[in-house]
Amino acid sequence: MWVLGIDTSCDDTGVGLVRNGQVVVNLVASQVALHEAYGGVVPELASREHLKALPSLTERALAEAGIGRKDLDLIAATRGPGLIGALLVGYTFAKGLAWALGRPFYAVHHLEAHIAAAWPEDLEPPFLALVASGGHTHLFEVQALGRYRLLGATRDDAAGEAFDKVARLLGLGFPGGPEIERLARETGEAIPFPIPLRDQKGYDFSFSGLKTKALQLVERGAPKAALAKGFQQAAIGHLAEVVLRAAQDTGHRVLLVAGGVAANQVLQERFRRAGLRVYFPAKGLSQDNGAMVALAAWRRHQAGLPPSPLSLGATAYWPLEEVGREGA
Ligand code: KG4
Ligand code: ZN
């Protein structure tokens with residue numbers, strides 16, 4: 001069974017093809033260069049670029065898989081959350097394709113897709129899932145596919161956003177996560193940063209204090225690599241502390257880490273040493289992409305969850321706890 005997945009929630013156009021739960025093709029057209037000149041994602045430009053990129057990217061994905069449109073069994077797209085104009089492009093394109101081919105359509109939650117990218121098919125819930133990306137830092141208890149309990153979330157910046165902002169302060173490129181990771185590797189010295197929210201009772205995150213500290217250090221002319229290393233250690237230390245405490249309190253021993261930040265090697269190392277059974281997305285599946293959307297739809301289909309009506313609209317705001325199992 002072939003599933004096409006499309007993600008246009010932000011600034012990357014993602015088209016993926018999954019066959020019986022295995023990723024066969026995963027193409028991402030990045031808009032980084034376009035938005036760089038403006039210092040951030042310009043929503044209107046992102047929508048236009050998605051529109052330009054989608055038809056040819058989809059044709060290319062089909063060609064690389066060696067199949068035609070008619071071979072597709074399920075069509076899926078990110079319904080939300082994200083930039084509404086950007087979402088609508090991929091979502092409407094996918095719905096049109098599903099309608100024309102007469103195939104079931106799955107409206108997918110972006111965070112369920114990130115989680116699906118790290119979720120081995122033989123792993124039964126419940127478990128914990130940390131989603132850390134440029135737009136989200138959320139800790140969930142996954143009770144079943146489509147049933148999520150939010151344990152904590154960021155109070156200010158998302159983890160990836162903090163990496164991006166600190167990278168900018170250091171004059172590095174976008175996205176900042178990989179740049180910080182690379183620079184930090186160049187030194188053995190780390191400037192210590194205080195770990196945020198150490199005395200909280202809940203499982204929230206906060207990264208704005210780390211960002212402020214980084215700004216002060218930059219203004220004082222601190223060495224960049226040691227600054228990057230110290231920031232990275234504290235940001236990852238904070239994520240790990242909160243998640244491990246939640247694991248201890250709830251008794252969960254299995255953890256998925258998903259989203260763009262999950263690609264960080266220092267983070268992976270830190271969580272692997274934590275004494276939990278921990279899963280990360282395969283290479284190329286942690287950042288926004290289409291294959292993760294196809295994987296989520298495949299899982300829903302396998303679990304007997306119904307497809308979505310074509311009348312369902314996209315939505316910028318959509319808490320994961322509200323997705324339900326009855327069709328998004
Ligand atoms: O999941 P994603 O592609 O998009 C969103 O849904 O936001 O995540 C992108 C974020 C960016 O903020 C980027 O800097 C961060 O993930 N990221 C990383 C690394 N690779 C990407 N952060 C830390 N270390 C990395 N190696
Ligand atoms: Zn994402």
# chains A, B, ... in the order shown; residues from 1 in each chain; ligands from 1
call {"tool": "closest_atom_pairs", "arguments": {"of": "chain A", "to": "ligand 2", "cutoff": "12 Å", "atoms": "only C-alpha atoms and all ligand atoms", "output": "JSON lines"}}
result
{"residue": "A:Asp7", "atom": "CA", "partner": "ligand 2", "partner_atom_place_in_ligand_line": "1 (Zn)", "distance": 9.1}
{"residue": "A:Thr8", "atom": "CA", "partner": "ligand 2", "partner_atom_place_in_ligand_line": "1 (Zn)", "distance": 9.9}
{"residue": "A:Ser9", "atom": "CA", "partner": "ligand 2", "partner_atom_place_in_ligand_line": "1 (Zn)", "distance": 7.7}
{"residue": "A:Cys10", "atom": "CA", "partner": "ligand 2", "partner_atom_place_in_ligand_line": "1 (Zn)", "distance": 8.0}
{"residue": "A:Asp11", "atom": "CA", "partner": "ligand 2", "partner_atom_place_in_ligand_line": "1 (Zn)", "distance": 10.1}
{"residue": "A:Asp12", "atom": "CA", "partner": "ligand 2", "partner_atom_place_in_ligand_line": "1 (Zn)", "distance": 9.7}
{"residue": "A:Thr13", "atom": "CA", "partner": "ligand 2", "partner_atom_place_in_ligand_line": "1 (Zn)", "distance": 11.7}
{"residue": "A:Gly14", "atom": "CA", "partner": "ligand 2", "partner_atom_place_in_ligand_line": "1 (Zn)", "distance": 10.9}
{"residue": "A:Thr78", "atom": "CA", "partner": "ligand 2", "partner_atom_place_in_ligand_line": "1 (Zn)", "distance": 10.2}
{"residue": "A:Gly80", "atom": "CA", "partner": "ligand 2", "partner_atom_place_in_ligand_line": "1 (Zn)", "distance": 10.3}
{"residue": "A:Pro81", "atom": "CA", "partner": "ligand 2", "partner_atom_place_in_ligand_line": "1 (Zn)", "distance": 9.3}
{"residue": "A:Gly82", "atom": "CA", "partner": "ligand 2", "partner_atom_place_in_ligand_line": "1 (Zn)", "distance": 8.7}
{"residue": "A:Leu83", "atom": "CA", "partner": "ligand 2", "partner_atom_place_in_ligand_line": "1 (Zn)", "distance": 11.6}
{"residue": "A:His109", "atom": "CA", "partner": "ligand 2", "partner_atom_place_in_ligand_line": "1 (Zn)", "distance": 10.2}
{"residue": "A:His110", "atom": "CA", "partner": "ligand 2", "partner_atom_place_in_ligand_line": "1 (Zn)", "distance": 6.4}
{"residue": "A:Leu111", "atom": "CA", "partner": "ligand 2", "partner_atom_place_in_ligand_line": "1 (Zn)", "distance": 6.8}
{"residue": "A:Glu112", "atom": "CA", "partner": "ligand 2", "partner_atom_place_in_ligand_line": "1 (Zn)", "distance": 9.9}
{"residue": "A:Ala113", "atom": "CA", "partner": "ligand 2", "partner_atom_place_in_ligand_line": "1 (Zn)", "distance": 8.4}
{"residue": "A:His114", "atom": "CA", "partner": "ligand 2", "partner_atom_place_in_ligand_line": "1 (Zn)", "distance": 6.5}
{"residue": "A:Ile115", "atom": "CA", "partner": "ligand 2", "partner_atom_place_in_ligand_line": "1 (Zn)", "distance": 10.0}
{"residue": "A:Ala116", "atom": "CA", "partner": "ligand 2", "partner_atom_place_in_ligand_line": "1 (Zn)", "distance": 11.9}
{"residue": "A:Ala117", "atom": "CA", "partner": "ligand 2", "partner_atom_place_in_ligand_line": "1 (Zn)", "distance": 10.9}
{"residue": "A:Val131", "atom": "CA", "partner": "ligand 2", "partner_atom_place_in_ligand_line": "1 (Zn)", "distance": 8.6}
{"residue": "A:Ala132", "atom": "CA", "partner": "ligand 2", "partner_atom_place_in_ligand_line": "1 (Zn)", "distance": 8.3}
{"residue": "A:Ser133", "atom": "CA", "partner": "ligand 2", "partner_atom_place_in_ligand_line": "1 (Zn)", "distance": 5.8}
{"residue": "A:Gly134", "atom": "CA", "partner": "ligand 2", "partner_atom_place_in_ligand_line": "1 (Zn)", "distance": 6.9}
{"residue": "A:Gly135", "atom": "CA", "partner": "ligand 2", "partner_atom_place_in_ligand_line": "1 (Zn)", "distance": 6.9}
{"residue": "A:His136", "atom": "CA", "partner": "ligand 2", "partner_atom_place_in_ligand_line": "1 (Zn)", "distance": 7.6}
{"residue": "A:Thr137", "atom": "CA", "partner": "ligand 2", "partner_atom_place_in_ligand_line": "1 (Zn)", "distance": 10.3}
{"residue": "A:His138", "atom": "CA", "partner": "ligand 2", "partner_atom_place_in_ligand_line": "1 (Zn)", "distance": 11.7}
{"residue": "A:Ala158", "atom": "CA", "partner": "ligand 2", "partner_atom_place_in_ligand_line": "1 (Zn)", "distance": 11.2}
{"residue": "A:Ala159", "atom": "CA", "partner": "ligand 2", "partner_atom_place_in_ligand_line": "1 (Zn)", "distance": 11.9}
{"residue": "A:Gly160", "atom": "CA", "partner": "ligand 2", "partner_atom_place_in_ligand_line": "1 (Zn)", "distance": 10.0}
{"residue": "A:Glu161", "atom": "CA", "partner": "ligand 2", "partner_atom_place_in_ligand_line": "1 (Zn)", "distance": 11.6}
{"residue": "A:Ala258", "atom": "CA", "partner": "ligand 2", "partner_atom_place_in_ligand_line": "1 (Zn)", "distance": 8.9}
{"residue": "A:Gly259", "atom": "CA", "partner": "ligand 2", "partner_atom_place_in_ligand_line": "1 (Zn)", "distance": 5.7}
{"residue": "A:Gly260", "atom": "CA", "partner": "ligand 2", "partner_atom_place_in_ligand_line": "1 (Zn)", "distance": 6.6}
{"residue": "A:Val261", "atom": "CA", "partner": "ligand 2", "partner_atom_place_in_ligand_line": "1 (Zn)", "distance": 9.7}
{"residue": "A:Ala262", "atom": "CA", "partner": "ligand 2", "partner_atom_place_in_ligand_line": "1 (Zn)", "distance": 11.0}
{"residue": "A:Leu285", "atom": "CA", "partner": "ligand 2", "partner_atom_place_in_ligand_line": "1 (Zn)", "distance": 10.1}
{"residue": "A:Ser286", "atom": "CA", "partner": "ligand 2", "partner_atom_place_in_ligand_line": "1 (Zn)", "distance": 8.1}
{"residue": "A:Gln287", "atom": "CA", "partner": "ligand 2", "partner_atom_place_in_ligand_line": "1 (Zn)", "distance": 6.2}
{"residue": "A:Asp288", "atom": "CA", "partner": "ligand 2", "partner_atom_place_in_ligand_line": "1 (Zn)", "distance": 4.7}
{"residue": "A:Asn289", "atom": "CA", "partner": "ligand 2", "partner_atom_place_in_ligand_line": "1 (Zn)", "distance": 8.0}
{"residue": "A:Gly290", "atom": "CA", "partner": "ligand 2", "partner_atom_place_in_ligand_line": "1 (Zn)", "distance": 10.5}
{"residue": "A:Met292", "atom": "CA", "partner": "ligand 2", "partner_atom_place_in_ligand_line": "1 (Zn)", "distance": 9.9}
{"residue": "A:Val293", "atom": "CA", "partner": "ligand 2", "partner_atom_place_in_ligand_line": "1 (Zn)", "distance": 10.5}
call {"tool": "write_last_selection", "arguments": {"atoms": "N, CA and C atoms", "output": "short mmCIF file (atom, residue, chain, number, x, y, z; two decimals), in the first residue's frame"}}
result
data_model
loop_
_atom_site.label_atom_id
_atom_site.label_comp_id
_atom_site.auth_asym_id
_atom_site.auth_seq_id
_atom_site.Cartn_x
_atom_site.Cartn_y
_atom_site.Cartn_z
N ASP A 7 3.68 17.98 3.57
CA ASP A 7 3.74 18.95 4.66
C ASP A 7 4.15 20.31 4.11
N THR A 8 3.28 21.30 4.30
CA THR A 8 3.62 22.69 3.95
C THR A 8 3.24 23.59 5.12
N SER A 9 3.57 23.16 6.34
CA SER A 9 3.12 23.89 7.52
C SER A 9 3.92 25.17 7.76
N CYS A 10 5.14 25.20 7.26
CA CYS A 10 5.96 26.39 7.50
C CYS A 10 6.71 26.77 6.23
N ASP A 11 8.04 26.66 6.25
CA ASP A 11 8.81 27.16 5.11
C ASP A 11 9.46 26.06 4.29
N ASP A 12 9.17 24.80 4.58
CA ASP A 12 9.70 23.72 3.76
C ASP A 12 8.56 22.99 3.06
N THR A 13 8.76 22.70 1.77
CA THR A 13 7.77 21.90 1.06
C THR A 13 8.21 20.44 1.17
N GLY A 14 7.41 19.61 1.81
CA GLY A 14 7.77 18.21 2.01
C GLY A 14 6.82 17.27 1.29
N THR A 78 -0.63 17.64 6.08
CA THR A 78 -0.71 18.33 7.36
C THR A 78 -1.88 19.30 7.32
N GLY A 80 -2.68 21.08 10.25
CA GLY A 80 -2.30 22.13 11.19
C GLY A 80 -1.51 21.50 12.32
N PRO A 81 -1.00 22.24 13.27
CA PRO A 81 -0.94 23.70 13.26
C PRO A 81 0.19 24.20 12.37
N GLY A 82 0.17 25.49 12.06
CA GLY A 82 1.20 26.09 11.21
C GLY A 82 0.71 27.40 10.65
N LEU A 83 1.42 27.91 9.65
CA LEU A 83 1.00 29.14 8.97
C LEU A 83 -0.18 28.80 8.08
N HIS A 109 -2.26 15.82 11.96
CA HIS A 109 -1.72 16.82 12.88
C HIS A 109 -0.20 16.81 12.77
N HIS A 110 0.38 18.01 12.64
CA HIS A 110 1.83 18.11 12.43
C HIS A 110 2.63 17.41 13.53
N LEU A 111 2.17 17.52 14.77
CA LEU A 111 2.94 16.90 15.87
C LEU A 111 2.73 15.39 15.92
N GLU A 112 1.56 14.93 15.51
CA GLU A 112 1.37 13.48 15.42
C GLU A 112 2.31 12.91 14.34
N ALA A 113 2.52 13.71 13.29
CA ALA A 113 3.44 13.28 12.24
C ALA A 113 4.88 13.23 12.77
N HIS A 114 5.29 14.26 13.53
CA HIS A 114 6.64 14.22 14.12
C HIS A 114 6.79 12.98 15.01
N ILE A 115 5.77 12.68 15.80
CA ILE A 115 5.82 11.52 16.70
C ILE A 115 5.86 10.23 15.88
N ALA A 116 5.07 10.16 14.82
CA ALA A 116 5.03 8.96 13.98
C ALA A 116 6.40 8.68 13.36
N ALA A 117 7.18 9.75 13.12
CA ALA A 117 8.50 9.59 12.49
C ALA A 117 9.49 8.87 13.41
N VAL A 131 8.40 16.50 21.80
CA VAL A 131 8.51 17.08 20.45
C VAL A 131 9.20 18.43 20.61
N ALA A 132 10.40 18.53 20.06
CA ALA A 132 11.18 19.77 20.18
C ALA A 132 11.57 20.23 18.79
N SER A 133 10.97 21.35 18.38
CA SER A 133 11.24 21.84 17.02
C SER A 133 11.36 23.36 17.06
N GLY A 134 11.27 23.98 15.89
CA GLY A 134 11.38 25.43 15.83
C GLY A 134 10.12 26.12 16.35
N GLY A 135 9.00 25.41 16.32
CA GLY A 135 7.74 26.01 16.74
C GLY A 135 7.16 25.39 18.00
N HIS A 136 7.69 24.25 18.44
CA HIS A 136 7.07 23.52 19.55
C HIS A 136 8.10 22.95 20.50
N THR A 137 7.77 22.96 21.79
CA THR A 137 8.50 22.15 22.75
C THR A 137 7.43 21.61 23.69
N HIS A 138 6.99 20.39 23.43
CA HIS A 138 5.87 19.81 24.15
C HIS A 138 6.24 18.42 24.63
N ALA A 158 10.41 28.18 21.72
CA ALA A 158 10.59 26.74 21.50
C ALA A 158 12.09 26.45 21.52
N ALA A 159 12.45 25.18 21.76
CA ALA A 159 13.87 24.82 21.88
C ALA A 159 14.63 25.17 20.59
N GLY A 160 14.08 24.79 19.45
CA GLY A 160 14.75 25.06 18.17
C GLY A 160 14.86 26.56 17.90
N GLU A 161 13.82 27.28 18.31
CA GLU A 161 13.81 28.74 18.14
C GLU A 161 14.96 29.36 18.94
N ALA A 258 11.25 13.65 19.22
CA ALA A 258 10.96 13.96 17.82
C ALA A 258 11.05 15.46 17.57
N GLY A 259 10.97 15.85 16.30
CA GLY A 259 11.09 17.26 15.91
C GLY A 259 12.52 17.58 15.52
N GLY A 260 12.70 18.74 14.90
CA GLY A 260 14.01 19.12 14.36
C GLY A 260 15.16 19.00 15.34
N VAL A 261 14.93 19.36 16.59
CA VAL A 261 16.01 19.37 17.59
C VAL A 261 16.48 17.94 17.91
N ALA A 262 15.63 16.95 17.64
CA ALA A 262 15.99 15.54 17.91
C ALA A 262 17.17 15.10 17.06
N LEU A 285 14.28 12.37 8.96
CA LEU A 285 12.87 12.37 9.37
C LEU A 285 12.59 13.26 10.58
N SER A 286 13.65 13.89 11.14
CA SER A 286 13.38 14.71 12.32
C SER A 286 12.89 16.10 11.93
N GLN A 287 13.48 16.69 10.90
CA GLN A 287 13.00 18.00 10.43
C GLN A 287 11.69 17.82 9.70
N ASP A 288 10.99 18.93 9.46
CA ASP A 288 9.71 18.87 8.74
C ASP A 288 9.89 18.16 7.40
N ASN A 289 8.98 17.24 7.11
CA ASN A 289 9.06 16.48 5.86
C ASN A 289 7.70 15.84 5.56
N GLY A 290 7.57 15.30 4.37
CA GLY A 290 6.31 14.71 3.96
C GLY A 290 6.15 13.26 4.39
N MET A 292 6.87 11.82 7.14
CA MET A 292 6.31 11.66 8.49
C MET A 292 4.78 11.79 8.47
N VAL A 293 4.30 12.61 7.56
CA VAL A 293 2.84 12.78 7.42
C VAL A 293 2.23 11.50 6.85
#
call {"tool": "select_by_dssp", "arguments": {"residues": "stretch 195-318 of chain A", "states": "strand (DSSP E)", "output": "list in words"}}
result
Val254, Leu255, Leu256, Val257, Ala258, Arg277, Val278 and Tyr279 of chain A
call {"tool": "residues_around", "arguments": {"residues": "A:Val323", "least_positions_apart": "3", "cutoff": "9 Å", "atoms": "only C-alpha atoms", "output": "ChimeraX atom specification"}}
result
/A:108-109,112,146-148,318-320,326-328
call {"tool": "residues_around", "arguments": {"residues": "A:Tyr91", "least_positions_apart": "3", "cutoff": "7 Å", "atoms": "only C-alpha atoms", "output": "list in words"}}
result
Ala77, Thr78, Arg79, Leu87, Leu88, Ala94, Lys95 and Ala314 of chain A
call {"tool": "atom_distance", "arguments": {"atom1": "atom CA of A:Gly96", "atom2": "atom CA of A:Leu310"}}
result
8.8 Å
call {"tool": "residues_around", "arguments": {"residues": "A:Met1", "least_positions_apart": "6", "cutoff": "12 Å", "atoms": "only C-alpha atoms", "output": "tab-separated table (two decimals) with C-alpha atoms, in the first residue's frame"}}
result
chain	number	residue	atom	x	y	z
A	17	LEU	CA	6.08	8.32	-0.18
A	18	VAL	CA	5.68	5.44	2.22
A	19	ARG	CA	5.08	1.85	1.17
A	20	ASN	CA	3.63	-0.50	3.81
A	21	GLY	CA	5.06	1.66	6.59
A	22	GLN	CA	8.54	2.02	5.01
A	23	VAL	CA	9.81	5.38	3.76
A	24	VAL	CA	10.68	5.04	0.07
A	67	ILE	CA	5.09	4.63	-9.57
A	70	LYS	CA	-2.93	5.85	-9.83
A	71	ASP	CA	-0.74	3.60	-7.68
A	72	LEU	CA	-1.37	5.80	-4.64
A	73	ASP	CA	-3.72	4.18	-2.11
A	74	LEU	CA	-3.96	6.92	0.53
A	75	ILE	CA	-3.31	10.65	0.38
A	103	ARG	CA	-8.75	7.74	-2.66
A	294	ALA	CA	2.46	9.65	5.29
A	295	LEU	CA	3.65	7.54	8.25
A	297	ALA	CA	-1.71	8.40	7.98
A	298	TRP	CA	-0.48	4.84	7.49
A	301	HIS	CA	-5.21	3.45	8.57
A	302	GLN	CA	-3.59	0.38	10.16
call {"tool": "select_by_dssp", "arguments": {"residues": "stretch 218-297 of chain A", "states": "helix (DSSP H, G or I)", "output": "ChimeraX atom specification"}}
result
/A:218-219,224-250,260-263,265-272,291-297
call {"tool": "closest_residue", "arguments": {"among": "A:Ile191, A:Leu145, A:Glu186, A:Asp164", "to": "A:Glu121", "atoms": "only C-alpha atoms"}}
result
A:Leu145
call {"tool": "residues_around", "arguments": {"residues": "A:Lys201", "least_positions_apart": "6", "cutoff": "12 Å", "atoms": "only C-alpha atoms", "output": "count of residues only"}}
result
6
call {"tool": "closest_residue", "arguments": {"among": "A:Val25, A:Ile236, A:Ile84, A:Leu312", "to": "ligand 1", "atoms": "only C-alpha atoms and all ligand atoms"}}
result
A:Ile236
call {"tool": "decode", "arguments": {"residues": "stretch 243-270 of chain A", "atoms": "C-alpha atoms", "output": "PDB file, in the first residue's frame"}}
result
ATOM      1  CA  VAL A 243      11.678  14.737  30.743  1.00  0.00           C
ATOM      2  CA  LEU A 244      13.519  12.407  33.123  1.00  0.00           C
ATOM      3  CA  ARG A 245      11.654  13.781  36.111  1.00  0.00           C
ATOM      4  CA  ALA A 246       8.363  13.246  34.269  1.00  0.00           C
ATOM      5  CA  ALA A 247       9.442   9.678  33.468  1.00  0.00           C
ATOM      6  CA  GLN A 248      10.246   9.061  37.102  1.00  0.00           C
ATOM      7  CA  ASP A 249       6.975  10.550  38.366  1.00  0.00           C
ATOM      8  CA  THR A 250       4.762   8.778  35.832  1.00  0.00           C
ATOM      9  CA  GLY A 251       6.659   5.481  35.794  1.00  0.00           C
ATOM     10  CA  HIS A 252       7.123   5.525  32.008  1.00  0.00           C
ATOM     11  CA  ARG A 253      10.308   3.840  30.817  1.00  0.00           C
ATOM     12  CA  VAL A 254       9.910   4.468  27.079  1.00  0.00           C
ATOM     13  CA  LEU A 255      10.492   7.822  25.404  1.00  0.00           C
ATOM     14  CA  LEU A 256      10.299   9.121  21.837  1.00  0.00           C
ATOM     15  CA  VAL A 257      12.181  12.299  21.002  1.00  0.00           C
ATOM     16  CA  ALA A 258      10.956  13.963  17.819  1.00  0.00           C
ATOM     17  CA  GLY A 259      11.089  17.263  15.913  1.00  0.00           C
ATOM     18  CA  GLY A 260      14.005  19.119  14.355  1.00  0.00           C
ATOM     19  CA  VAL A 261      16.010  19.369  17.590  1.00  0.00           C
ATOM     20  CA  ALA A 262      15.988  15.544  17.907  1.00  0.00           C
ATOM     21  CA  ALA A 263      18.688  15.515  15.204  1.00  0.00           C
ATOM     22  CA  ASN A 264      21.177  16.965  17.704  1.00  0.00           C
ATOM     23  CA  GLN A 265      23.867  14.376  18.466  1.00  0.00           C
ATOM     24  CA  VAL A 266      24.652  15.732  21.942  1.00  0.00           C
ATOM     25  CA  LEU A 267      20.949  15.491  22.787  1.00  0.00           C
ATOM     26  CA  GLN A 268      20.750  11.923  21.472  1.00  0.00           C
ATOM     27  CA  GLU A 269      23.800  10.955  23.520  1.00  0.00           C
ATOM     28  CA  ARG A 270      22.369  12.586  26.659  1.00  0.00           C
TER      29      ARG A 270
END
